[in-house]
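**Student:** This is final.txt, which holds compact mmCIF, C-alpha atoms:
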```
# COMPACT_ATOMS: atom_id res chain seq x y z
CA MET A 15 -18.35 14.87 -2.27
CA SER A 16 -16.67 13.68 -5.44
CA ASN A 17 -13.48 15.48 -4.39
CA SER A 18 -13.00 12.57 -1.97
CA LEU A 19 -12.38 10.31 -4.96
CA HIS A 20 -8.80 11.62 -4.98
CA TRP A 21 -8.32 9.37 -1.92
CA ALA A 22 -9.35 6.21 -3.78
CA GLN A 23 -5.95 5.04 -4.98
CA THR A 24 -4.22 5.48 -1.62
CA ILE A 25 -7.12 3.86 0.19
CA ARG A 26 -6.92 0.86 -2.16
CA THR A 27 -3.15 0.53 -1.84
CA THR A 28 -2.37 1.60 1.75
CA GLY A 29 -5.65 1.72 3.65
CA LYS A 30 -4.93 5.23 4.81
CA VAL A 31 -5.33 8.87 3.88
CA GLU A 32 -2.72 11.52 4.62
CA GLU A 33 -4.21 15.01 4.67
CA PRO A 34 -3.79 18.24 6.62
CA PHE A 35 -6.52 19.99 8.60
CA ALA A 36 -8.34 16.82 9.70
CA ASP A 37 -10.97 18.74 11.64
CA SER A 38 -11.85 21.33 9.00
CA LEU A 39 -15.60 21.31 8.33
CA ASN A 40 -17.21 21.22 4.90
CA ALA A 41 -20.87 20.68 3.91
CA ALA A 42 -20.04 18.79 0.73
CA VAL A 43 -22.81 18.31 -1.82
CA HIS A 44 -23.71 15.16 -3.76
CA PRO A 45 -23.16 15.64 -7.50
CA ALA A 46 -26.67 14.34 -8.25
CA ASP A 47 -28.09 17.13 -6.08
CA VAL A 48 -26.12 19.70 -8.06
CA GLY A 49 -27.56 18.22 -11.25
CA ALA A 50 -31.10 18.11 -9.87
CA VAL A 51 -30.96 21.76 -8.82
CA ALA A 52 -29.46 22.80 -12.15
CA ALA A 53 -32.06 20.86 -14.14
CA THR A 54 -34.91 22.33 -12.11
CA VAL A 55 -33.80 25.95 -12.40
CA LEU A 56 -33.27 25.54 -16.13
CA VAL A 57 -36.81 24.33 -16.81
CA GLU A 58 -38.89 26.16 -14.18
CA ASP A 59 -39.81 29.82 -14.21
CA GLY A 60 -38.76 32.18 -11.46
CA HIS A 61 -35.04 31.47 -11.23
CA ALA A 62 -33.65 33.99 -13.72
CA GLY A 63 -31.00 36.21 -12.18
CA LYS A 64 -31.00 34.35 -8.85
CA ARG A 65 -27.97 32.85 -7.11
CA TYR A 66 -28.13 29.71 -5.02
CA SER A 67 -25.73 28.17 -2.54
CA ILE A 68 -26.00 24.39 -2.69
CA THR A 69 -24.75 22.21 0.18
CA GLY A 70 -25.06 18.73 1.51
CA PRO A 71 -27.14 17.99 4.60
CA GLU A 72 -24.35 18.23 7.18
CA PRO A 73 -20.87 19.63 7.68
CA LEU A 74 -18.24 16.90 8.04
CA THR A 75 -14.51 16.80 8.66
CA PRO A 76 -12.15 14.86 6.38
CA ARG A 77 -11.63 12.45 9.28
CA HIS A 78 -15.39 11.79 9.51
CA LYS A 79 -15.70 11.39 5.73
CA LEU A 80 -13.00 8.73 5.84
CA ASP A 81 -14.91 6.94 8.62
CA LEU A 82 -18.00 6.88 6.39
CA ILE A 83 -15.97 5.49 3.48
CA SER A 84 -14.55 2.88 5.86
CA ASP A 85 -18.09 1.85 6.84
CA ALA A 86 -19.14 1.70 3.19
CA ILE A 87 -16.29 -0.62 2.18
CA GLY A 88 -16.29 -2.64 5.39
CA LYS A 89 -12.59 -2.10 5.99
CA PRO A 90 -10.81 -0.09 8.68
CA LEU A 91 -9.01 2.95 7.32
CA GLU A 92 -6.46 5.22 8.96
CA PHE A 93 -6.39 9.00 8.84
CA VAL A 94 -2.90 10.48 9.17
CA GLU A 95 -2.96 14.21 9.73
CA LEU A 96 -0.17 16.04 7.93
CA THR A 97 1.33 19.24 9.20
CA GLU A 98 0.82 22.32 7.08
CA ALA A 99 4.49 22.16 6.03
CA GLN A 100 4.12 18.54 4.90
CA ALA A 101 0.95 19.41 2.97
CA ARG A 102 2.68 22.33 1.27
CA ARG A 103 5.55 20.06 0.18
CA ASN A 104 3.10 17.47 -1.19
CA TRP A 105 1.17 20.11 -3.12
CA GLN A 106 4.42 21.51 -4.54
CA LYS A 107 5.49 18.00 -5.63
CA ALA A 108 2.08 17.59 -7.27
CA GLY A 109 2.81 20.69 -9.33
CA HIS A 110 0.40 23.15 -7.73
CA ALA A 111 1.26 26.81 -8.22
CA ASP A 112 2.23 28.77 -5.12
CA GLU A 113 -0.98 30.82 -5.39
CA MET A 114 -3.08 27.63 -5.39
CA ILE A 115 -1.21 26.30 -2.36
CA GLU A 116 -1.98 29.53 -0.48
CA ILE A 117 -5.66 29.19 -1.39
CA LEU A 118 -5.71 25.55 -0.22
CA VAL A 119 -4.06 26.41 3.08
CA ALA A 120 -6.32 29.40 3.72
CA TRP A 121 -9.49 27.51 2.80
CA GLN A 122 -8.70 24.36 4.75
CA SER A 123 -7.07 25.88 7.81
CA ASN A 124 -9.83 28.44 8.33
CA PRO A 125 -12.78 27.65 6.06
CA PRO A 126 -15.24 30.46 5.41
CA PRO A 127 -18.67 29.94 6.98
CA ALA A 128 -20.10 29.24 3.53
CA ALA A 129 -18.05 26.02 3.43
CA TYR A 130 -19.77 24.49 6.44
CA THR A 131 -23.09 26.33 6.69
CA VAL A 132 -25.88 24.01 5.58
CA THR A 133 -28.47 25.50 3.24
CA THR A 134 -31.95 24.24 2.36
CA THR A 135 -31.48 25.01 -1.34
CA VAL A 136 -31.61 21.42 -2.61
CA GLU A 137 -34.91 20.72 -0.86
CA ASP A 138 -36.34 24.17 -1.59
CA ILE A 139 -35.68 23.83 -5.33
CA THR A 140 -36.16 20.10 -5.94
CA GLY A 141 -38.53 19.10 -3.15
CA GLN A 142 -36.05 16.36 -2.16
CA LYS A 143 -33.75 16.26 0.85
CA PRO A 144 -30.05 16.45 -0.09
CA ARG A 145 -28.20 13.16 -0.26
CA SER A 146 -25.76 12.41 2.56
CA PHE A 147 -22.05 11.70 2.37
CA ARG A 148 -22.82 8.23 3.74
CA GLN A 149 -25.07 7.61 0.73
CA TRP A 150 -22.40 8.92 -1.64
CA ALA A 151 -19.76 6.67 0.00
CA GLU A 152 -22.01 3.63 -0.37
CA GLU A 153 -22.70 4.47 -4.02
CA ASN A 154 -18.96 4.81 -4.69
CA ALA A 155 -17.65 2.03 -2.44
CA ASP A 156 -16.25 -0.03 -5.33
CA LYS A 157 -13.92 2.82 -6.26
CA PHE A 158 -12.31 2.57 -2.81
CA ARG A 159 -12.06 -1.23 -2.59
```
As structure tokens - that is how I would like this structure written.
**Tutor:**
Amino acid sequence: MSNSLHWAQTIRTTGKVEEPFADSLNAAVHPADVGAVAATVLVEDGHAGKRYSITGPEPLTPRHKLDLISDAIGKPLEFVELTEAQARRNWQKAGHADEMIEILVAWQSNPPPAAYTVTTTVEDITGQKPRSFRQWAEENADKFR
């Protein structure tokens, strides 16, 4: 979820986000849930050698995430979908290596099922339901105002 903070400056200055692949799904996880799972597996027995996939409670598109941020800050925001070519140019200008750009395009244009498949890991390990993107957006609203 915290990856969405890279939108904060443009949201504050322009009220819009320009991104490619507006309908690409991702089950982003709240950083506090990552910490809670990590803390639990470090202090409880039975986790040695195990691997866990941690997700948020629902897969969302970038467009939907922006809508939730808009609700949290009480201001309408615009999502402008970039073409792949525009995104590539922006990533090149930002200094990303060609290999990283290829990874970004591949991941976002056709995310692997692990990116949007919701797991029960947070609740199974911590006993608490995972926090939603809406909750994260409300907690971080001041960063977008």
**Student:** Anything within 9 Å of (-12.9, 22.0, 9.8): list those residues as a ChimeraX atom specification, counting only C-alpha atoms and sticking to the file's coordinates.
**Tutor:** /A:35-40,73-76,122-125,130
**Student:** Can I get the selected residues back with C-alpha atoms, as a compact mmCIF listing (two decimals), keeping the file's coordinate frame?
**Tutor:**
```txt
# COMPACT_ATOMS: atom_id res chain seq x y z
CA PHE A 35 -6.52 19.99 8.60
CA ALA A 36 -8.34 16.82 9.70
CA ASP A 37 -10.97 18.74 11.64
CA SER A 38 -11.85 21.33 9.00
CA LEU A 39 -15.60 21.31 8.33
CA ASN A 40 -17.21 21.22 4.90
CA PRO A 73 -20.87 19.63 7.68
CA LEU A 74 -18.24 16.90 8.04
CA THR A 75 -14.51 16.80 8.66
CA PRO A 76 -12.15 14.86 6.38
CA GLN A 122 -8.70 24.36 4.75
CA SER A 123 -7.07 25.88 7.81
CA ASN A 124 -9.83 28.44 8.33
CA PRO A 125 -12.78 27.65 6.06
CA TYR A 130 -19.77 24.49 6.44
```
**Student:** Can you pull out the residues contacting Gly49 in chain A? Cut-off 12 Å, using all atoms listed in the file, and skip same-chain residues under 3 positions away; I want them as a list of chain:residue names.
**Tutor:**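 Residues near the query, excluding close chain neighbours: A:Val43, A:His44, A:Pro45, A:Ala46, A:Ala52, A:Ala53, A:Thr54, A:Val55, A:Leu56, A:Ile68, A:Val136, A:Ile139, A:Thr140, A:Pro144.
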**Student:** Neighbouring residues of Glu153 in chain A were defined as those with any atom within 12 Å, considering only C-alpha atoms; residues of the same chain fewer than 6 positions away were excluded. Please report them as a list in words.
**Tutor:** Met15, Ser16, Leu19, His44, Pro45, Ala46, Leu82, Ile83, Ala86, Ile87, Arg145, Ser146 and Phe147 of chain A
**Student:** Which centre and which edge lengths, in Å to one decimal, describe the axis-aligned box that holds all listed atoms of range 140-158 of chain A after 8 Å is added on each side, as lines of an AutoDock Vina configuration file?
**Tutor:**
```
center_x = -25.4
center_y = 10.0
center_z = -1.3
size_x = 42.2
size_y = 36.1
size_z = 26.0
```
**Student:** Pick from A:Lys143, A:Lys30, A:Arg65, A:Lys79: nearest to Ser18 in chain A, with all atoms listed in the file counted?
**Tutor:**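 Ranked by minimum distance to Ser18 in chain A, first place goes to A:Lys79.
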**Student:** To one decimal in Å, tell me the separation between CA of Ala108 in chain A and CA of Ala42 in chain A.
**Tutor:**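 So the answer is 23.6 Å.
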**Student:** Considering only C-alpha atoms, state which residue in the set A:Leu80, A:Pro127, A:Glu137, A:Leu91 is at the smallest distance from His20 in chain A.
**Tutor:**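 Checking each of A:Leu80, A:Pro127, A:Glu137, A:Leu91 against His20 in chain A, counting only C-alpha atoms, the winner is A:Leu80.
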**Student:** What gap, in Å, lies between CA of Gly29 in chain A and CA of Glu92 in chain A?
**Tutor:**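 If I compute the distance from CA of Gly29 in chain A to CA of Glu92 in chain A, I get 6.4 Å.
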**Student:** Would you work out the distance separating CA of His61 in chain A from CA of Asp138 in chain A, expressed in Å to one decimal?
**Tutor:**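 Going from CA of His61 in chain A over to CA of Asp138 in chain A, I get 12.2 Å.
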**Student:** Would you mind writing range 94-105 of chain A with all heavy atoms, as a PDB file, in the coordinates of the input?
**Tutor:**
```pdb
ATOM      1  N   VAL A  94      -4.162   9.936   8.679  1.00  0.00           N
ATOM      2  CA  VAL A  94      -2.900  10.480   9.170  1.00  0.00           C
ATOM      3  C   VAL A  94      -2.920  11.972   8.873  1.00  0.00           C
ATOM      4  O   VAL A  94      -2.961  12.379   7.714  1.00  0.00           O
ATOM      5  CB  VAL A  94      -1.687   9.812   8.467  1.00  0.00           C
ATOM      6  CG1 VAL A  94      -0.391  10.445   8.939  1.00  0.00           C
ATOM      7  CG2 VAL A  94      -1.702   8.307   8.688  1.00  0.00           C
ATOM      8  N   GLU A  95      -2.904  12.760   9.937  1.00  0.00           N
ATOM      9  CA  GLU A  95      -2.960  14.210   9.730  1.00  0.00           C
ATOM     10  C   GLU A  95      -1.558  14.755   9.454  1.00  0.00           C
ATOM     11  O   GLU A  95      -0.647  14.586  10.253  1.00  0.00           O
ATOM     12  CB  GLU A  95      -3.562  14.925  10.937  1.00  0.00           C
ATOM     13  CG  GLU A  95      -3.742  16.399  10.675  1.00  0.00           C
ATOM     14  CD  GLU A  95      -4.576  17.110  11.726  1.00  0.00           C
ATOM     15  OE1 GLU A  95      -4.800  16.538  12.808  1.00  0.00           O
ATOM     16  OE2 GLU A  95      -4.991  18.248  11.457  1.00  0.00           O
ATOM     17  N   LEU A  96      -1.432  15.405   8.300  1.00  0.00           N
ATOM     18  CA  LEU A  96      -0.170  16.040   7.930  1.00  0.00           C
ATOM     19  C   LEU A  96      -0.081  17.421   8.563  1.00  0.00           C
ATOM     20  O   LEU A  96      -1.094  18.072   8.803  1.00  0.00           O
ATOM     21  CB  LEU A  96      -0.086  16.202   6.416  1.00  0.00           C
ATOM     22  CG  LEU A  96      -0.141  14.945   5.565  1.00  0.00           C
ATOM     23  CD1 LEU A  96      -0.119  15.319   4.087  1.00  0.00           C
ATOM     24  CD2 LEU A  96       0.998  14.009   5.909  1.00  0.00           C
ATOM     25  N   THR A  97       1.133  17.854   8.798  1.00  0.00           N
ATOM     26  CA  THR A  97       1.330  19.240   9.200  1.00  0.00           C
ATOM     27  C   THR A  97       1.117  20.115   7.973  1.00  0.00           C
ATOM     28  O   THR A  97       1.146  19.639   6.832  1.00  0.00           O
ATOM     29  CB  THR A  97       2.747  19.469   9.740  1.00  0.00           C
ATOM     30  OG1 THR A  97       3.679  19.271   8.655  1.00  0.00           O
ATOM     31  CG2 THR A  97       3.070  18.536  10.915  1.00  0.00           C
ATOM     32  N   GLU A  98       0.959  21.396   8.204  1.00  0.00           N
ATOM     33  CA  GLU A  98       0.820  22.320   7.080  1.00  0.00           C
ATOM     34  C   GLU A  98       2.062  22.276   6.191  1.00  0.00           C
ATOM     35  O   GLU A  98       1.952  22.281   4.959  1.00  0.00           O
ATOM     36  CB  GLU A  98       0.577  23.741   7.590  1.00  0.00           C
ATOM     37  CG  GLU A  98       0.389  24.738   6.478  1.00  0.00           C
ATOM     38  CD  GLU A  98       0.164  26.148   6.979  1.00  0.00           C
ATOM     39  OE1 GLU A  98      -0.566  26.337   7.976  1.00  0.00           O
ATOM     40  OE2 GLU A  98       0.732  27.079   6.364  1.00  0.00           O
ATOM     41  N   ALA A  99       3.240  22.211   6.803  1.00  0.00           N
ATOM     42  CA  ALA A  99       4.490  22.160   6.030  1.00  0.00           C
ATOM     43  C   ALA A  99       4.540  20.915   5.150  1.00  0.00           C
ATOM     44  O   ALA A  99       4.952  20.979   3.985  1.00  0.00           O
ATOM     45  CB  ALA A  99       5.690  22.221   6.961  1.00  0.00           C
ATOM     46  N   GLN A 100       4.142  19.768   5.692  1.00  0.00           N
ATOM     47  CA  GLN A 100       4.120  18.540   4.900  1.00  0.00           C
ATOM     48  C   GLN A 100       3.127  18.665   3.739  1.00  0.00           C
ATOM     49  O   GLN A 100       3.423  18.241   2.616  1.00  0.00           O
ATOM     50  CB  GLN A 100       3.720  17.344   5.782  1.00  0.00           C
ATOM     51  CG  GLN A 100       4.771  16.951   6.790  1.00  0.00           C
ATOM     52  CD  GLN A 100       4.233  15.941   7.794  1.00  0.00           C
ATOM     53  OE1 GLN A 100       3.122  16.057   8.294  1.00  0.00           O
ATOM     54  NE2 GLN A 100       5.053  14.927   8.078  1.00  0.00           N
ATOM     55  N   ALA A 101       1.961  19.236   4.016  1.00  0.00           N
ATOM     56  CA  ALA A 101       0.950  19.410   2.970  1.00  0.00           C
ATOM     57  C   ALA A 101       1.479  20.324   1.868  1.00  0.00           C
ATOM     58  O   ALA A 101       1.315  20.033   0.677  1.00  0.00           O
ATOM     59  CB  ALA A 101      -0.335  19.969   3.563  1.00  0.00           C
ATOM     60  N   ARG A 102       2.123  21.404   2.257  1.00  0.00           N
ATOM     61  CA  ARG A 102       2.680  22.330   1.270  1.00  0.00           C
ATOM     62  C   ARG A 102       3.689  21.606   0.361  1.00  0.00           C
ATOM     63  O   ARG A 102       3.679  21.781  -0.861  1.00  0.00           O
ATOM     64  CB  ARG A 102       3.347  23.518   1.951  1.00  0.00           C
ATOM     65  CG  ARG A 102       2.373  24.537   2.502  1.00  0.00           C
ATOM     66  CD  ARG A 102       3.127  25.638   3.273  1.00  0.00           C
ATOM     67  NE  ARG A 102       2.235  26.630   3.814  1.00  0.00           N
ATOM     68  CZ  ARG A 102       1.758  27.672   3.137  1.00  0.00           C
ATOM     69  NH1 ARG A 102       2.094  27.854   1.874  1.00  0.00           N
ATOM     70  NH2 ARG A 102       0.949  28.535   3.721  1.00  0.00           N
ATOM     71  N   ARG A 103       4.562  20.804   0.966  1.00  0.00           N
ATOM     72  CA  ARG A 103       5.550  20.060   0.180  1.00  0.00           C
ATOM     73  C   ARG A 103       4.859  19.106  -0.797  1.00  0.00           C
ATOM     74  O   ARG A 103       5.244  19.005  -1.966  1.00  0.00           O
ATOM     75  CB  ARG A 103       6.520  19.298   1.087  1.00  0.00           C
ATOM     76  CG  ARG A 103       7.618  20.164   1.673  1.00  0.00           C
ATOM     77  CD  ARG A 103       8.721  19.352   2.324  1.00  0.00           C
ATOM     78  NE  ARG A 103       8.265  18.528   3.443  1.00  0.00           N
ATOM     79  CZ  ARG A 103       8.122  18.965   4.693  1.00  0.00           C
ATOM     80  NH1 ARG A 103       8.389  20.217   5.001  1.00  0.00           N
ATOM     81  NH2 ARG A 103       7.709  18.143   5.639  1.00  0.00           N
ATOM     82  N   ASN A 104       3.833  18.400  -0.312  1.00  0.00           N
ATOM     83  CA  ASN A 104       3.100  17.470  -1.190  1.00  0.00           C
ATOM     84  C   ASN A 104       2.436  18.199  -2.347  1.00  0.00           C
ATOM     85  O   ASN A 104       2.461  17.728  -3.485  1.00  0.00           O
ATOM     86  CB  ASN A 104       2.048  16.698  -0.388  1.00  0.00           C
ATOM     87  CG  ASN A 104       2.653  15.641   0.504  1.00  0.00           C
ATOM     88  OD1 ASN A 104       3.852  15.354   0.447  1.00  0.00           O
ATOM     89  ND2 ASN A 104       1.831  15.059   1.355  1.00  0.00           N
ATOM     90  N   TRP A 105       1.840  19.354  -2.072  1.00  0.00           N
ATOM     91  CA  TRP A 105       1.170  20.110  -3.120  1.00  0.00           C
ATOM     92  C   TRP A 105       2.196  20.657  -4.124  1.00  0.00           C
ATOM     93  O   TRP A 105       1.926  20.700  -5.316  1.00  0.00           O
ATOM     94  CB  TRP A 105       0.323  21.228  -2.524  1.00  0.00           C
ATOM     95  CG  TRP A 105      -0.901  20.721  -1.797  1.00  0.00           C
ATOM     96  CD1 TRP A 105      -1.642  19.625  -2.105  1.00  0.00           C
ATOM     97  CD2 TRP A 105      -1.516  21.295  -0.655  1.00  0.00           C
ATOM     98  NE1 TRP A 105      -2.684  19.477  -1.217  1.00  0.00           N
ATOM     99  CE2 TRP A 105      -2.627  20.502  -0.313  1.00  0.00           C
ATOM    100  CE3 TRP A 105      -1.231  22.411   0.135  1.00  0.00           C
ATOM    101  CZ2 TRP A 105      -3.469  20.775   0.761  1.00  0.00           C
ATOM    102  CZ3 TRP A 105      -2.078  22.685   1.212  1.00  0.00           C
ATOM    103  CH2 TRP A 105      -3.178  21.885   1.516  1.00  0.00           C
TER     104      TRP A 105
END
```
